[in-house]
Amino acid sequence: MYKGKKIGVVIPAHNEETQIGRVIETMPVFVDLLIVVDDKSTDKTVGVIRKHQKTNSKVFLITHEQNKGVGGAIATGYKYARDNDFDVAVVMAGDGQMAPEDLPAILDPVVSGTADYSKGNRLFTGEAYQKIPKVRYFGNAFLSLLTKIASGYWHIADSQSGYAAINRKALNAIDWDLMYQTYGQPNDLLVRLNVHNFKVKDVPVEPVYNIGEKSGIKIRRVIFTIGWLLVKLFFWRMKEKYIIRDFHPLVFFYFIGAFFYLMMVLLFARVFYHWILYDHIPAINALAAFFSFMSGSLFTLFAMWFDMEANKDLK
C-alpha cells in the first residue's frame, strides 16, 4: 500500500518481450498488484510474464483473445482495478518508458485527494526537447494544444503521456467500454473526465527514450487520426457539459464565431474570384471579409476564455 491506499498498476503490453521483464522487476515495493494486460502479443511477451509470475505473486496476467489497441488494454486493466476495489489505478507502459522513480510523484495528488486524476508531463523539464525525437515532440505539442481546447483542461500539457493515476471515484464514473481504443485514449479520457468535473493535475516526469523500446506510433498518421477525434470530442463535450448538464452561454459564442468564420471564407473566396477574373477587388466585399475574420476571432477567443473560467476549479 502507499500511504494507506491500495495501489494497482495497469501495464498494457503488446510484443514487449525485451522490455516487460524490466518493468516488472523495477516496480516499487509499495504497489499491491501489477495488472499486466497482454494485447494479443505475437512474440514471447506472455512467456516472460508467466516466468515472473513464478517468483512474484504480485503479477496478475490478463490476456486478450483479440488485439484491442493500447487504449483497449488500459480499459481492461482499469475495469479490473474498479471491480476489485483498488483505491488508485496507475498506468505504466510495458515498454519501460515510464520511470518507476516518478511513481510517488504521480500518486501523491490522487492519494492526498487534491486531484482525481494525475498525469505525467515530460515537457516540464528542460531535457524534453533533447531527449524526445523531434517529430514526436512537435506532434505532441500540436496535439496538446488541440486537447486543451477539446477537453477544457487548459492547464494540462503533454496530452499524449499515458503515465497516469486515477482514483476510485473516477474509475467508477467513466464508462470504459466507450473509451477510444488506440493511441488517442489519453485525449479521450481527459474529455470524459472534464464532463464529470474531475480535478486533473500535471506532474513533472522524466522523459525516457532509447532503452530498447519499439514504438508502434506512426506520427504523421496519428496526428490526423487523433486530431479528428479531438474535433468530435470537442462538440461532444459542448453538448454534454454546456447544453445537457448545465447550460452555459459560451456555446453561443462558439456558434457565432463559427458563423463569422464561415462568412469569412465565402467573402474571401468572392474577393479572390473578382481579383483573378476581373483584376478588381470589391471594396465593400473585402471590408466585410476582414470584419468577419475579426468578429469570428473575437467570439471564439471569448468562448475559450469562458471555458477557462468555467474549468478553473478543476486544477
# chains A, B, ... in the order shown; residues from 1 in each chain; ligands from 1

call {"tool": "residues_around", "arguments": {"residues": "Thr42 of chain A", "least_positions_apart": "3", "cutoff": "8 Å", "atoms": "only C-alpha atoms", "output": "list in words"}}
result
His14, Asn15 and Thr45 of chain A

call {"tool": "select_by_dssp", "arguments": {"residues": "segment 83-280 of chain A", "states": "helix (DSSP H, G or I)", "output": "ChimeraX atom specification"}}
result
/A:83,100-112,128-131,134-151,168-173,176-178,185-195,219-245,250-278

call {"tool": "write_last_selection", "arguments": {"atoms": "C-alpha atoms", "output": "CSV table (one decimal), in the first residue's frame"}}
result
chain,number,residue,atom,x,y,z
A,83,ASP,CA,-14.2,-4.3,-9.9
A,100,PRO,CA,9.4,4.0,-11.6
A,101,GLU,CA,11.1,6.7,-9.7
A,102,ASP,CA,8.4,9.1,-10.7
A,103,LEU,CA,5.6,6.9,-9.4
A,104,PRO,CA,5.3,8.5,-6.0
A,105,ALA,CA,5.0,12.0,-7.5
A,106,ILE,CA,2.3,10.7,-9.8
A,107,LEU,CA,0.4,9.1,-6.9
A,108,ASP,CA,0.6,11.9,-4.4
A,109,PRO,CA,-2.0,14.3,-5.8
A,110,VAL,CA,-4.6,11.4,-6.1
A,111,VAL,CA,-3.7,9.8,-2.8
A,112,SER,CA,-3.9,13.1,-0.9
A,128,ALA,CA,12.4,17.0,-23.1
A,129,TYR,CA,13.5,18.8,-26.4
A,130,GLN,CA,16.8,17.0,-26.4
A,131,LYS,CA,15.5,13.5,-25.4
A,134,LYS,CA,11.8,15.9,-32.8
A,135,VAL,CA,8.8,14.7,-34.9
A,136,ARG,CA,7.2,13.3,-31.8
A,137,TYR,CA,8.0,16.4,-29.8
A,138,PHE,CA,6.3,18.8,-32.2
A,139,GLY,CA,3.5,16.4,-32.9
A,140,ASN,CA,2.9,16.1,-29.1
A,141,ALA,CA,2.9,19.9,-28.8
A,142,PHE,CA,0.3,20.3,-31.6
A,143,LEU,CA,-2.0,17.6,-30.1
A,144,SER,CA,-1.6,19.1,-26.6
A,145,LEU,CA,-2.9,22.4,-27.9
A,146,LEU,CA,-5.9,20.7,-29.6
A,147,THR,CA,-6.5,18.7,-26.4
A,148,LYS,CA,-6.6,21.9,-24.3
A,149,ILE,CA,-9.4,23.2,-26.5
A,150,ALA,CA,-11.3,19.9,-26.7
A,151,SER,CA,-11.0,18.9,-23.1
A,168,ARG,CA,-11.8,5.0,-7.3
A,169,LYS,CA,-14.5,7.7,-7.8
A,170,ALA,CA,-13.3,8.4,-11.3
A,171,LEU,CA,-12.8,4.7,-12.1
A,172,ASN,CA,-16.5,4.2,-11.3
A,173,ALA,CA,-17.8,7.2,-13.2
A,176,TRP,CA,-14.6,2.2,-20.0
A,177,ASP,CA,-16.4,0.3,-22.8
A,178,LEU,CA,-16.8,3.6,-24.7
A,185,GLN,CA,-7.0,7.1,-25.3
A,186,PRO,CA,-5.4,9.7,-23.0
A,187,ASN,CA,-7.1,12.5,-25.0
A,188,ASP,CA,-10.5,10.8,-24.9
A,189,LEU,CA,-10.2,10.2,-21.2
A,190,LEU,CA,-9.4,13.9,-20.4
A,191,VAL,CA,-12.5,15.0,-22.2
A,192,ARG,CA,-14.7,12.5,-20.3
A,193,LEU,CA,-13.1,13.5,-17.0
A,194,ASN,CA,-13.9,17.1,-17.7
A,195,VAL,CA,-17.6,16.4,-18.4
A,219,ILE,CA,3.2,10.2,-36.1
A,220,ARG,CA,2.0,11.5,-39.4
A,221,ARG,CA,-1.0,9.2,-39.4
A,222,VAL,CA,-1.7,9.6,-35.7
A,223,ILE,CA,-1.8,13.4,-35.9
A,224,PHE,CA,-4.7,13.3,-38.3
A,225,THR,CA,-6.5,10.4,-36.6
A,226,ILE,CA,-6.3,12.0,-33.1
A,227,GLY,CA,-6.9,15.5,-34.5
A,228,TRP,CA,-10.2,14.4,-36.0
A,229,LEU,CA,-11.0,12.5,-32.8
A,230,LEU,CA,-10.5,15.7,-30.8
A,231,VAL,CA,-12.8,17.7,-33.1
A,232,LYS,CA,-15.5,15.2,-32.5
A,233,LEU,CA,-14.8,15.1,-28.7
A,234,PHE,CA,-15.0,19.0,-28.6
A,235,PHE,CA,-18.5,19.0,-30.0
A,236,TRP,CA,-19.5,16.1,-27.7
A,237,ARG,CA,-18.2,18.0,-24.6
A,238,MET,CA,-20.0,21.1,-25.6
A,239,LYS,CA,-23.3,19.2,-25.9
A,240,GLU,CA,-22.8,17.1,-22.7
A,241,LYS,CA,-21.4,19.7,-20.4
A,242,TYR,CA,-22.8,23.0,-21.6
A,243,ILE,CA,-26.1,22.1,-23.0
A,244,ILE,CA,-27.4,18.9,-21.4
A,245,ARG,CA,-26.0,19.0,-17.9
A,250,LEU,CA,-20.2,30.1,-24.2
A,251,VAL,CA,-21.9,27.7,-26.7
A,252,PHE,CA,-23.5,30.8,-28.4
A,253,PHE,CA,-20.1,32.4,-28.6
A,254,TYR,CA,-18.6,29.4,-30.3
A,255,PHE,CA,-21.6,29.1,-32.6
A,256,ILE,CA,-21.4,32.8,-33.6
A,257,GLY,CA,-17.6,32.6,-34.0
A,258,ALA,CA,-18.1,29.6,-36.4
A,259,PHE,CA,-20.7,31.5,-38.3
A,260,PHE,CA,-18.4,34.5,-38.9
A,261,TYR,CA,-15.5,32.2,-39.9
A,262,LEU,CA,-17.8,30.6,-42.5
A,263,MET,CA,-18.8,34.0,-43.8
A,264,MET,CA,-15.1,35.0,-43.9
A,265,VAL,CA,-14.3,32.0,-46.1
A,266,LEU,CA,-17.2,32.8,-48.5
A,267,LEU,CA,-16.4,36.5,-48.7
A,268,PHE,CA,-12.7,36.0,-49.2
A,269,ALA,CA,-13.5,33.4,-51.9
A,270,ARG,CA,-15.6,36.1,-53.7
A,271,VAL,CA,-12.7,38.7,-53.3
A,272,PHE,CA,-10.2,36.4,-55.0
A,273,TYR,CA,-12.7,35.4,-57.6
A,274,HIS,CA,-13.1,39.0,-58.7
A,275,TRP,CA,-9.4,39.7,-58.3
A,276,ILE,CA,-8.4,36.8,-60.5
A,277,LEU,CA,-11.1,37.2,-63.2
A,278,TYR,CA,-11.7,40.9,-63.4

call {"tool": "atom_distance", "arguments": {"atom1": "atom CA of Thr182 of chain A", "atom2": "atom CA of Ile62 of chain A"}}
result
18.0 Å

call {"tool": "select_by_dssp", "arguments": {"residues": "segment 61-113 of chain A", "states": "strand (DSSP E or B)", "output": "MDAnalysis selection string"}}
result
chainID A and resid 61:63 88:91

call {"tool": "write_last_selection", "arguments": {"atoms": "C-alpha atoms", "output": "PDB file, in the first residue's frame"}}
result
ATOM      1  CA  LEU A  61      -1.919 -11.524 -16.135  1.00  0.00           C
ATOM      2  CA  ILE A  62      -4.952 -10.770 -18.320  1.00  0.00           C
ATOM      3  CA  THR A  63      -4.765 -11.863 -21.964  1.00  0.00           C
ATOM      4  CA  VAL A  88      -5.864   4.098  -7.108  1.00  0.00           C
ATOM      5  CA  ALA A  89      -5.041   2.636 -10.513  1.00  0.00           C
ATOM      6  CA  VAL A  90      -1.875   3.681 -12.316  1.00  0.00           C
ATOM      7  CA  VAL A  91      -0.889   3.120 -15.948  1.00  0.00           C
TER       8      VAL A  91
END

call {"tool": "residues_around", "arguments": {"residues": "Gly162 of chain A", "least_positions_apart": "2", "cutoff": "9 Å", "atoms": "only C-alpha atoms", "output": "count of residues only"}}
result
11

call {"tool": "closest_residue", "arguments": {"among": "A:Gly96, A:Gly72, A:Asp38, A:Lys5", "to": "Glu25 of chain A", "atoms": "only C-alpha atoms"}}
result
A:Gly96

call {"tool": "residues_around", "arguments": {"residues": "Val48 of chain A", "least_positions_apart": "5", "cutoff": "8 Å", "atoms": "only C-alpha atoms", "output": "count of residues only"}}
result
3
